[in-house]
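Engineer: Enclosed is the structure file target-v5.txt (compact mmCIF, C-alpha atoms).
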```txt
# COMPACT_ATOMS: atom_id res chain seq x y z
CA MET X 686 0.00 0.00 0.00
CA ALA X 687 1.24 3.50 -0.73
CA PRO X 688 2.35 5.54 2.29
CA TYR X 689 -0.54 7.95 1.81
CA GLU X 690 -3.99 6.52 2.24
CA SER X 691 -7.03 8.13 0.71
CA ASP X 692 -8.07 11.00 2.92
CA ARG X 693 -11.51 12.38 3.43
CA THR X 694 -10.54 15.90 2.32
CA ALA X 695 -8.65 14.92 -0.78
CA GLY X 696 -9.41 16.95 -3.91
CA ALA X 697 -7.13 18.73 -6.36
CA GLU X 698 -7.72 16.94 -9.59
CA GLY X 699 -4.77 16.37 -11.84
CA LEU X 700 -2.19 15.94 -9.05
CA PRO X 701 0.45 13.34 -10.06
CA ASP X 702 0.10 10.25 -7.93
CA GLU X 703 3.32 8.45 -8.85
CA ALA X 704 5.32 6.98 -5.96
CA ASP X 705 8.43 8.94 -7.01
CA ASP X 706 6.62 12.26 -6.68
CA VAL X 707 5.33 11.33 -3.25
CA ARG X 708 8.77 10.32 -2.03
CA ALA X 709 10.33 13.48 -3.42
CA GLY X 710 7.79 15.57 -1.51
CA ARG X 711 8.55 13.69 1.67
CA ARG X 712 12.29 14.27 1.34
CA LYS X 713 11.81 17.97 0.77
CA ALA X 714 9.60 18.30 3.83
CA ALA X 715 12.05 16.39 5.99
CA ARG X 716 14.98 18.61 4.99
CA TYR X 717 13.31 21.98 5.37
CA VAL X 718 13.87 23.77 8.67
CA VAL X 719 12.34 27.08 9.74
CA PRO X 720 15.02 29.38 11.26
CA VAL X 721 12.95 30.05 14.38
CA ALA X 722 14.65 27.23 16.27
CA VAL X 723 18.23 28.00 15.28
CA VAL X 724 19.39 27.58 18.84
CA GLY X 725 17.50 24.34 19.39
CA VAL X 726 16.01 25.23 22.78
CA ALA X 727 12.63 24.12 24.08
CA ALA X 728 9.71 26.52 23.91
CA ALA X 729 7.38 27.05 26.85
CA THR X 730 4.43 29.18 27.98
CA ILE X 731 2.89 30.73 31.14
CA GLY X 732 -0.78 31.54 31.25
CA LEU X 733 -1.36 33.09 27.87
CA VAL X 734 -4.35 32.05 25.82
CA PRO X 735 -6.83 29.62 27.42
CA ALA X 736 -6.64 27.21 24.49
CA LEU X 737 -4.28 26.67 21.58
CA ALA X 738 -7.01 26.03 19.04
CA ASP X 739 -9.85 28.49 18.63
CA SER X 740 -13.36 27.10 18.40
CA GLY X 741 -14.83 26.42 15.01
CA ASP X 742 -13.33 24.76 11.93
CA PRO X 743 -12.64 27.11 8.99
CA SER X 744 -13.83 26.29 5.51
CA LEU X 745 -10.77 25.85 3.32
CA PRO X 746 -10.16 24.54 -0.21
CA LYS X 747 -9.72 20.78 -0.47
CA ILE X 748 -6.14 19.52 -0.30
CA THR X 749 -4.44 16.13 -0.36
CA ALA X 750 -1.80 14.88 2.06
CA GLU X 751 0.81 15.05 -0.70
CA GLN X 752 -0.06 18.67 -1.42
CA LEU X 753 0.00 19.60 2.25
CA ILE X 754 3.46 18.09 2.76
CA GLU X 755 4.66 19.98 -0.31
CA LYS X 756 3.21 23.14 1.21
CA ILE X 757 5.32 22.59 4.33
CA ALA X 758 8.39 21.91 2.22
CA LYS X 759 7.97 25.08 0.15
CA SER X 760 7.30 27.35 3.13
CA ASP X 761 9.94 30.08 3.12
CA VAL X 762 8.96 32.14 6.16
CA GLN X 763 12.06 33.95 7.43
CA GLN X 764 10.54 36.52 9.79
CA LEU X 765 8.13 35.94 12.63
CA SER X 766 7.48 36.46 16.31
CA GLY X 767 5.12 34.77 18.71
CA THR X 768 4.55 32.65 21.78
CA VAL X 769 4.59 28.87 21.89
CA LYS X 770 3.13 26.61 24.56
CA VAL X 771 4.78 23.22 25.03
CA SER X 772 3.44 20.45 27.26
CA THR X 773 5.35 17.20 27.66
CA ASP X 774 4.01 14.24 29.60
CA LEU X 775 6.26 11.20 29.31
CA GLY X 776 4.80 9.63 32.45
CA LEU X 777 8.11 9.59 34.29
CA PRO X 778 7.87 8.53 37.94
CA SER X 779 7.73 11.42 40.39
CA LEU X 780 10.73 11.40 42.69
CA GLY X 781 9.94 14.54 44.60
CA GLY X 782 12.01 16.75 42.32
CA LEU X 783 14.98 14.39 42.41
CA GLU X 784 14.91 13.75 38.67
CA SER X 785 14.99 17.42 37.74
CA GLY X 786 17.74 18.12 40.25
CA MET X 787 19.85 15.28 38.89
CA LEU X 788 19.40 16.43 35.29
CA SER X 789 20.23 20.01 36.18
CA GLY X 790 23.29 18.99 38.16
CA VAL X 791 24.66 16.72 35.47
CA THR X 792 24.27 19.23 32.66
CA LYS X 793 25.63 22.12 34.69
CA GLY X 794 28.62 20.04 35.63
CA SER X 795 29.39 19.38 31.96
CA GLY X 796 29.01 22.96 30.81
CA GLY X 797 30.09 24.86 33.91
CA SER X 798 27.19 27.32 33.73
CA SER X 799 23.51 27.29 34.56
CA ALA X 800 23.03 29.32 31.37
CA ASP X 801 24.43 26.52 29.19
CA PRO X 802 21.64 25.65 26.69
CA GLN X 803 22.20 21.93 27.24
CA SER X 804 21.17 22.33 30.86
CA LYS X 805 17.92 24.06 29.98
CA LEU X 806 17.04 21.56 27.28
CA MET X 807 17.15 18.80 29.88
CA GLU X 808 15.12 20.76 32.43
CA LEU X 809 12.35 21.37 29.91
CA ALA X 810 11.84 17.67 29.18
CA SER X 811 8.65 17.55 31.24
CA GLY X 812 5.74 19.72 32.32
CA THR X 813 4.20 22.76 30.65
CA HIS X 814 6.30 25.73 29.61
CA THR X 815 6.12 28.94 27.59
CA VAL X 816 8.55 30.46 25.13
CA ARG X 817 8.56 33.66 23.20
CA VAL X 818 10.25 33.32 19.84
CA ALA X 819 11.45 35.78 17.22
CA ALA X 820 13.37 35.31 13.98
CA ASP X 821 14.70 37.49 11.21
CA GLY X 822 16.37 35.28 8.65
CA PRO X 823 18.88 32.50 9.38
CA ASP X 824 21.27 34.73 11.36
CA LYS X 825 18.96 36.28 13.93
CA ALA X 826 16.76 34.46 16.41
CA LYS X 827 15.70 34.75 20.02
CA VAL X 828 14.02 32.26 22.31
CA SER X 829 12.93 33.33 25.79
CA VAL X 830 11.65 30.77 28.26
CA LEU X 831 9.45 32.28 30.96
CA GLU X 832 9.45 30.66 34.39
CA ASN X 833 7.64 32.41 37.22
CA ALA X 834 9.57 35.63 37.89
CA ALA X 835 12.67 34.44 36.00
CA GLU X 836 13.53 34.36 32.31
CA TYR X 837 15.98 32.32 30.31
CA SER X 838 16.92 33.62 26.87
CA ILE X 839 19.04 32.47 23.97
CA ILE X 840 19.94 35.13 21.43
CA HIS X 841 21.54 34.31 18.09
CA ASN X 842 22.85 37.39 16.30
CA GLY X 843 25.29 36.87 13.47
CA ASN X 844 28.21 34.75 14.65
CA ASP X 845 27.35 35.12 18.34
CA VAL X 846 25.07 32.96 20.44
CA TRP X 847 24.30 34.28 23.91
CA ALA X 848 22.36 32.50 26.66
CA TYR X 849 21.26 34.32 29.81
CA ASP X 850 19.72 32.90 32.98
CA SER X 851 18.25 35.78 35.00
CA LYS X 852 17.68 33.56 38.03
CA SER X 853 21.40 32.87 38.52
CA ASN X 854 22.61 35.97 36.64
CA GLU X 855 24.85 33.80 34.49
CA VAL X 856 25.71 34.21 30.82
CA TYR X 857 26.94 31.59 28.36
CA HIS X 858 28.54 32.69 25.10
CA SER X 859 29.58 30.72 22.04
CA THR X 860 30.06 31.30 18.35
CA ALA X 861 28.02 29.76 15.56
CA PRO X 862 29.59 28.38 12.37
CA ALA X 863 28.86 30.08 9.10
CA ALA X 864 25.33 29.37 7.96
CA GLU X 865 24.57 27.47 4.84
CA LYS X 866 21.46 28.14 2.81
CA GLY X 867 18.49 26.25 4.20
CA GLN X 868 20.33 25.04 7.28
CA GLU X 869 20.40 26.08 10.90
CA LYS X 870 23.58 27.47 12.39
CA ALA X 871 23.16 25.84 15.77
CA PRO X 872 22.59 22.23 16.82
CA LYS X 873 19.09 20.79 16.72
CA ASP X 874 19.62 18.34 19.57
CA VAL X 875 16.02 18.53 20.76
CA PRO X 876 13.15 19.36 18.38
CA THR X 877 11.03 21.95 20.14
CA THR X 878 9.00 24.17 17.82
CA PRO X 879 6.00 22.80 15.91
CA LYS X 880 8.09 23.04 12.72
CA GLN X 881 11.03 21.05 14.10
CA LEU X 882 8.75 18.40 15.56
CA ALA X 883 6.89 18.10 12.27
CA ASP X 884 10.15 17.70 10.36
CA GLU X 885 11.20 14.84 12.63
CA ALA X 886 7.82 13.14 12.21
CA LEU X 887 7.93 13.48 8.42
CA LYS X 888 11.29 11.72 8.34
CA SER X 889 9.44 8.60 9.47
CA VAL X 890 6.93 8.72 6.62
CA ASP X 891 7.34 5.56 4.54
CA ASP X 892 5.31 2.47 3.70
CA THR X 893 4.84 1.80 7.42
CA THR X 894 2.93 5.06 7.81
CA SER X 895 -0.54 6.35 7.04
CA VAL X 896 -0.69 10.09 6.24
CA THR X 897 -4.03 11.83 5.67
CA VAL X 898 -5.62 15.25 5.91
CA ASP X 899 -7.96 15.26 8.90
CA GLY X 900 -10.02 18.40 8.43
CA THR X 901 -9.23 21.95 9.46
CA ALA X 902 -8.76 24.00 12.62
CA GLN X 903 -7.87 27.46 13.88
CA VAL X 904 -4.62 27.87 15.79
CA ALA X 905 -3.53 31.22 17.23
CA GLY X 906 -6.31 32.82 15.21
CA ARG X 907 -5.08 31.41 11.89
CA ASP X 908 -6.77 28.94 9.55
CA ALA X 909 -4.96 25.62 9.34
CA TYR X 910 -5.16 22.15 7.83
CA LYS X 911 -4.63 19.13 10.08
CA LEU X 912 -2.14 16.54 8.84
CA LEU X 913 -2.66 13.16 10.54
CA ILE X 914 0.28 10.74 10.74
CA LYS X 915 -0.32 7.22 12.10
CA PRO X 916 1.83 4.08 12.24
CA LYS X 917 0.44 1.10 10.33
CA GLN X 918 2.55 -1.30 12.36
CA SER X 919 1.64 -2.88 15.66
CA GLY X 920 4.00 -2.67 18.59
CA SER X 921 4.64 1.07 18.47
CA THR X 922 3.79 3.29 21.43
CA VAL X 923 2.97 6.14 19.04
CA GLY X 924 -0.77 6.31 18.51
CA ALA X 925 -1.03 9.31 16.18
CA ILE X 926 0.61 12.61 15.36
CA THR X 927 -1.39 15.66 14.29
CA VAL X 928 0.27 18.68 12.70
CA ALA X 929 -1.77 21.86 12.19
CA VAL X 930 -0.35 23.59 9.09
CA ASP X 931 -0.98 27.27 8.41
CA ALA X 932 -3.15 27.42 5.29
CA LYS X 933 -1.46 30.57 3.98
CA THR X 934 2.25 30.15 4.78
CA GLY X 935 2.64 26.38 5.16
CA VAL X 936 4.27 26.80 8.59
CA PRO X 937 3.31 24.13 11.16
CA LEU X 938 1.47 25.93 13.97
CA LYS X 939 0.79 23.03 16.30
CA PHE X 940 2.14 19.51 16.88
CA THR X 941 0.42 16.86 18.99
CA LEU X 942 1.59 13.29 19.67
CA VAL X 943 -0.76 10.90 21.47
CA PRO X 944 0.33 7.43 22.65
CA THR X 945 -1.40 4.15 21.89
CA GLY X 946 -2.27 3.90 25.57
CA GLY X 947 -4.54 6.93 25.34
CA GLY X 948 -4.82 9.77 27.82
CA ALA X 949 -3.13 13.16 27.58
CA ALA X 950 -0.78 13.91 24.71
CA VAL X 951 2.87 13.00 25.24
CA VAL X 952 3.90 16.15 23.37
CA ASP X 953 1.62 19.09 22.63
CA ALA X 954 3.40 22.13 21.18
CA GLY X 955 1.71 25.03 19.45
CA PHE X 956 1.63 28.75 18.90
CA THR X 957 -0.75 30.73 21.05
CA GLN X 958 0.24 33.97 19.31
CA VAL X 959 2.09 34.40 16.03
CA ALA X 960 2.82 37.20 13.54
CA PHE X 961 4.77 36.80 10.31
CA THR X 962 6.33 40.26 10.41
CA LYS X 963 9.88 41.57 10.87
CA PRO X 964 10.81 41.88 14.58
CA ALA X 965 12.54 45.05 15.79
CA ALA X 966 16.31 44.92 15.29
CA SER X 967 16.84 45.57 19.01
CA THR X 968 15.17 42.23 19.76
CA PHE X 969 18.45 40.49 18.98
CA ASP X 970 20.78 42.85 20.87
CA PHE X 971 22.43 41.53 24.03
CA THR X 972 25.02 42.84 26.48
CA PRO X 973 25.90 40.83 29.61
CA PRO X 974 24.34 42.53 32.67
CA LYS X 975 26.64 44.11 35.22
CA GLY X 976 27.96 41.57 37.70
CA ALA X 977 26.96 38.58 35.59
CA LYS X 978 29.25 35.56 35.43
CA VAL X 979 30.18 34.98 31.78
CA THR X 980 31.26 31.55 30.60
CA GLU X 981 32.85 31.16 27.19
CA GLY X 982 31.78 28.03 25.33
CA LYS X 983 34.41 25.83 23.76
CA ASP X 984 33.16 26.75 20.28
CA SER X 985 33.99 30.42 20.87
CA LYS X 986 37.13 31.67 19.11
CA GLY X 987 38.90 33.57 21.85
CA SER X 988 37.27 35.29 24.80
CA LYS X 989 35.99 38.82 24.84
CA ASP X 990 37.05 41.38 27.45
CA LEU X 991 33.66 41.68 29.12
CA LYS X 992 33.24 44.03 32.02
CA ASP X 993 32.39 42.34 35.33
CA SER X 994 33.23 38.90 33.96
CA LYS X 995 36.56 38.38 35.76
CA ASP X 996 35.31 35.21 37.37
CA SER X 997 34.32 33.66 34.06
CA LYS X 998 36.27 30.59 33.07
CA ALA X 999 36.33 28.08 30.29
CA PRO X 1000 34.07 25.12 31.01
CA GLU X 1001 35.50 21.76 31.76
CA SER X 1002 35.70 19.62 28.67
CA ALA X 1003 32.42 17.83 28.14
CA PRO X 1004 31.99 14.62 26.19
CA SER X 1005 30.98 15.20 22.61
CA ARG X 1006 27.95 13.51 21.10
CA GLY X 1007 30.29 10.98 19.54
CA ASP X 1008 31.89 10.18 22.89
CA LEU X 1009 28.53 9.03 24.22
CA GLY X 1010 28.75 6.03 21.94
CA LYS X 1011 32.07 4.89 23.35
CA GLY X 1012 31.81 1.70 25.35
CA LEU X 1013 28.67 0.60 23.55
CA ASP X 1014 29.55 -2.66 21.90
CA GLY X 1015 27.88 -3.26 18.52
CA LEU X 1016 25.23 -0.53 18.55
CA LYS X 1017 22.63 -1.50 15.95
CA THR X 1018 18.95 -1.28 15.17
CA VAL X 1019 16.44 -4.03 14.57
CA GLY X 1020 13.07 -3.74 12.89
CA LYS X 1021 11.89 -0.89 10.68
CA GLY X 1022 9.70 2.16 10.70
CA TRP X 1023 7.86 2.96 13.90
CA SER X 1024 8.83 -0.39 15.43
CA THR X 1025 12.59 0.18 15.20
CA ILE X 1026 14.51 -0.90 18.32
CA ALA X 1027 18.04 0.19 19.25
CA GLU X 1028 20.16 -2.65 20.58
CA PHE X 1029 23.57 -2.34 22.22
CA ASP X 1030 25.83 -3.88 24.84
CA THR X 1031 26.91 -1.75 27.79
CA GLY X 1032 29.99 -3.93 28.15
CA GLY X 1033 29.21 -4.57 31.80
CA GLN X 1034 26.69 -6.11 34.11
CA GLY X 1035 23.10 -5.12 33.82
CA MET X 1036 20.70 -4.45 36.63
CA PRO X 1037 20.22 -7.66 38.64
CA SER X 1038 16.55 -8.59 38.74
CA GLY X 1039 15.10 -9.75 41.99
CA SER X 1040 15.84 -8.75 45.55
CA SER X 1041 17.77 -5.61 46.41
CA SER X 1042 20.45 -7.73 48.05
CA GLN X 1043 21.68 -8.70 44.61
CA GLY X 1044 22.70 -5.20 43.71
CA GLY X 1045 22.54 -3.24 46.93
CA ASN X 1046 20.11 -0.49 47.87
CA VAL X 1047 20.54 1.41 44.59
CA SER X 1048 19.78 -1.67 42.52
CA GLY X 1049 16.73 -2.41 44.64
CA PHE X 1050 15.47 1.14 44.25
CA LEU X 1051 15.90 1.17 40.47
CA ASN X 1052 14.31 -2.25 40.15
CA SER X 1053 11.27 -0.95 41.99
CA LEU X 1054 10.73 1.49 39.11
CA GLY X 1055 10.69 -1.19 36.41
CA ASP X 1056 8.96 -4.44 35.47
CA HIS X 1057 10.89 -7.70 35.75
CA VAL X 1058 10.75 -9.94 32.68
CA LYS X 1059 12.20 -13.28 31.64
CA GLY X 1060 12.88 -14.98 28.32
CA LYS X 1061 15.53 -16.71 26.26
CA PHE X 1062 17.84 -13.85 27.21
CA GLY X 1063 17.50 -14.73 30.89
CA SER X 1064 16.13 -11.99 33.14
CA GLY X 1065 15.89 -8.27 32.83
CA THR X 1066 14.04 -5.10 33.79
CA VAL X 1067 11.86 -2.94 31.55
CA PHE X 1068 11.82 0.78 32.36
CA SER X 1069 8.80 2.46 30.84
CA THR X 1070 7.53 5.90 29.92
CA ARG X 1071 4.39 6.68 27.93
CA LEU X 1072 6.46 6.81 24.74
CA VAL X 1073 9.93 5.27 25.05
CA ASN X 1074 10.65 1.97 26.79
CA ALA X 1075 13.95 0.23 27.52
CA LEU X 1076 14.82 -3.33 28.50
CA ILE X 1077 18.08 -3.87 30.38
CA THR X 1078 19.03 -7.52 30.69
CA ASP X 1079 21.03 -8.91 33.58
CA ASP X 1080 24.04 -9.43 31.29
CA GLY X 1081 24.18 -5.77 30.25
CA LYS X 1082 22.29 -5.79 26.94
CA VAL X 1083 19.95 -2.87 26.28
CA TYR X 1084 16.94 -2.76 23.92
CA ALA X 1085 15.14 0.58 23.59
CA GLY X 1086 12.61 2.29 21.37
CA ALA X 1087 9.16 3.84 21.04
CA VAL X 1088 7.71 0.35 21.26
CA THR X 1089 5.80 -1.76 23.78
CA LYS X 1090 7.31 -3.94 26.47
CA ASP X 1091 6.27 -7.06 24.56
CA ALA X 1092 8.12 -5.82 21.45
CA LEU X 1093 11.31 -5.35 23.49
CA VAL X 1094 11.07 -8.83 24.99
CA LYS X 1095 10.48 -10.29 21.52
CA ALA X 1096 13.55 -8.52 20.16
CA ALA X 1097 15.70 -9.69 23.06
CA ASN X 1098 14.51 -13.28 22.57
CA ALA X 1099 15.29 -13.13 18.87
CA ALA X 1100 18.83 -11.97 19.61
CA HIS X 1101 19.56 -15.06 21.73
```
Can the structure from this file be put into structure tokens for me?

Structural biologist:
Amino acid sequence: MAPYESDRTAGAEGLPDEADDVRAGRRKAARYVVPVAVVGVAAATIGLVPALADSGDPSLPKITAEQLIEKIAKSDVQQLSGTVKVSTDLGLPSLGGLESGMLSGVTKGSGGSSADPQSKLMELASGTHTVRVAADGPDKAKVSVLENAAEYSIIHNGNDVWAYDSKSNEVYHSTAPAAEKGQEKAPKDVPTTPKQLADEALKSVDDTTSVTVDGTAQVAGRDAYKLLIKPKQSGSTVGAITVAVDAKTGVPLKFTLVPTGGGAAVVDAGFTQVAFTKPAASTFDFTPPKGAKVTEGKDSKGSKDLKDSKDSKAPESAPSRGDLGKGLDGLKTVGKGWSTIAEFDTGGQGMPSGSSSQGGNVSGFLNSLGDHVKGKFGSGTVFSTRLVNALITDDGKVYAGAVTKDALVKAANAAH
């Protein structure tokens, strides 16, 4: 079956339906990136508009899924400003704030500054947040995360990327490599805007996926089409993804991912306010506040003589993304599409299943958070969220993916 099923709003007579045209449209959509998220930081919101989608469905011309994906791919919006609300509910166990403290401590230790973007990306992995965004071409962007009385901002202006945490009065500075046409200048480690999230979802569109147009909606006061993406395979924890696409500009305005288990969305990110106009030039100006601690990132070429930054120092060397793979014996993937599972060997002992006496108090505590399973692989523990699950066997093998517990056990059995 073709990756695009017939959709109830399909129209547009004369549209080529060849498989090559469909695949070409998919590839274009997957490559295109709106410059709003050039700094790759999560967007968040604090009490703005009561609901992301206005009531009432607008009447829009009929469009097919292929045409809508092409519309996203051809969108060339370079200037905009607005507010995005992001809610993430992975269903992680509540440890009384322990998990957020651990994440914050680890990331700060690697970057040496609470203003390091990596630290904030980790902190925004759960809950509901607000971000104000602004962009003026590929070289100017600003993302401000609002948290109670504090604000965290990342400003990209030319070759400079500044991050400021008002709560700690710390500044992090780095330089961005020269931009290439159609590409971001900063890492996209965590997709956070509706556009980035949509791009990641469209990369998974193949013959394991159903893509249809599911009516229309209004988001942030703008008319939009709803693109519905659903896995055809069993075993995936992804139930469906809905992307609201601006009918005029082709910019994704809202992204929602619901799990197969039902309940609240795992990820719900959308504009509550948006304007496709040129922001004021001063929006992207930044000077470290008096008394702020300034940390120079390792990508910066030389350090600037900043007033009141005498106590700034170069951060301790942090492991690169490539270093994270060291020690993982034979990292590979099994399966395809939405049921893909990552499999690797930690090179050491796993987490002993059973009583806490086998692995001490820490082992007992961690085991209490997972489900014990057995199979041809022996014994192991499955740690679950509402989207991603991981099986760690007693001999140190790890199987992880956006799949069910049964799918992980099946993969582990097949490997033995």

Engineer: Separation of CA of Ala1027 (chain X) and CA of Arg1071 (chain X), in Å?

Structural biologist: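 Computing it gives 17.4 Å between the two atoms.
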
Engineer: Can you work out which one of X:Glu836, X:Asp821, X:Asp850, X:Glu755 has the shortest atom-to-atom distance to Ser799 (chain X), counting all atoms listed in the file?

Structural biologist: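 Closest to Ser799 (chain X), using all atoms listed in the file: X:Asp850.
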
Engineer: Leaving out Gly935 (chain X) and any residue of its chain fewer than 2 positions from it, which residues lie within 12 Å of it when counting only C-alpha atoms, given as a VMD selection string?

Structural biologist: chain X and resid 714 717 719 752 to 762 879 to 880 883 907 to 912 928 to 933 937 to 939 961

Engineer: I need every residue sitting at most 6 Å from the point (27.7, 30.9, 33.9) (coordinates as in the file, only C-alpha atoms considered), written as a PDB file with C-alpha atoms, in the coordinates of the input.

Structural biologist:
```
ATOM      1  CA  SER X 798      27.190  27.320  33.730  1.00  0.00           C
ATOM      2  CA  SER X 799      23.510  27.290  34.560  1.00  0.00           C
ATOM      3  CA  ALA X 800      23.030  29.320  31.370  1.00  0.00           C
ATOM      4  CA  GLU X 855      24.850  33.800  34.490  1.00  0.00           C
ATOM      5  CA  VAL X 856      25.710  34.210  30.820  1.00  0.00           C
ATOM      6  CA  TYR X 857      26.940  31.590  28.360  1.00  0.00           C
ATOM      7  CA  LYS X 978      29.250  35.560  35.430  1.00  0.00           C
ATOM      8  CA  VAL X 979      30.180  34.980  31.780  1.00  0.00           C
ATOM      9  CA  THR X 980      31.260  31.550  30.600  1.00  0.00           C
TER      10      THR X 980
END
```

Engineer: Have a look at CA of Ala1087 (chain X) and CA of Gln803 (chain X) and let me know their distance in Å, one decimal.

Structural biologist: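 Going from CA of Ala1087 (chain X) over to CA of Gln803 (chain X), I get 23.1 Å.
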
Engineer: Quick one, how far is CA of Thr815 (chain X) from CA of Leu765 (chain X)?

Structural biologist: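 Between these atoms lies a distance of 16.6 Å.
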
Engineer: Considering only C-alpha atoms, state which residue in the set X:Ala750, X:Ala835, X:Ala1100, X:Ala810 is at the smallest distance from Val898 (chain X).

Structural biologist: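 The shortest atom-to-atom distance to Val898 (chain X) comes from X:Ala750.
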
Engineer: Smallest atom-to-atom distance to Leu775 (chain X): which of X:Val943, X:Ala834, X:Ala1085, X:Ala1097, using all atoms listed in the file?

Structural biologist: X:Val943

Engineer: List as a ChimeraX atom specification: which residues have an atom within 8 Å of (17.4, -18.6, 22.4), counting only C-alpha atoms?

Structural biologist: /X:1061-1062,1098-1101

Engineer: Restrict the selected residues to C-alpha atoms and save them as an mmCIF file, in the frame of the given file.

Structural biologist:
```cif
data_model
loop_
_atom_site.group_PDB
_atom_site.id
_atom_site.type_symbol
_atom_site.label_atom_id
_atom_site.label_comp_id
_atom_site.auth_asym_id
_atom_site.auth_seq_id
_atom_site.Cartn_x
_atom_site.Cartn_y
_atom_site.Cartn_z
ATOM 1 C CA LYS X 1061 15.530 -16.710 26.260
ATOM 2 C CA PHE X 1062 17.840 -13.850 27.210
ATOM 3 C CA ASN X 1098 14.510 -13.280 22.570
ATOM 4 C CA ALA X 1099 15.290 -13.130 18.870
ATOM 5 C CA ALA X 1100 18.830 -11.970 19.610
ATOM 6 C CA HIS X 1101 19.560 -15.060 21.730
#
```

Engineer: Find, counting all atoms listed in the file, the residue in X:Thr901, X:Ala826, X:Asp892, X:Leu887 that gets nearest to Ser744 (chain X).

Structural biologist: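 Of all the options, X:Thr901 lies closest to Ser744 (chain X).
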
Engineer: Using all atoms listed in the file, determine which residues lie at most 12 Å from Val923 (chain X), disregarding the query and same-chain residues fewer than 4 positions distant; provide the list as number ranges by chain.

Structural biologist: X: 775, 886, 889, 894, 914-919, 927, 941-947, 950-952, 1022-1025, 1070-1074, 1086-1089

Engineer: Find the axis-aligned box for region 1090-1093 of chain X, covering all its listed atoms and adding 8 Å on each side, and write its centre and edge lengths in Å to one decimal as JSON.

Structural biologist:
```
{"center_x": 8.8, "center_y": -5.5, "center_z": 24.0, "size_x": 21.0, "size_y": 19.1, "size_z": 21.0}
```

Engineer: With distances taken over only C-alpha atoms, which residue among X:Asp742, X:Glu1028, X:Asp1079, X:Asp953 lies nearest Ser772 (chain X)?

Structural biologist: X:Asp953

Engineer: Compare X:Gly948, X:Gly1060, X:Gly843, X:Gly906 by their minimum atom-to-atom distance to Asp774 (chain X), counting only C-alpha atoms, and give me the closest one.

Structural biologist: X:Gly948
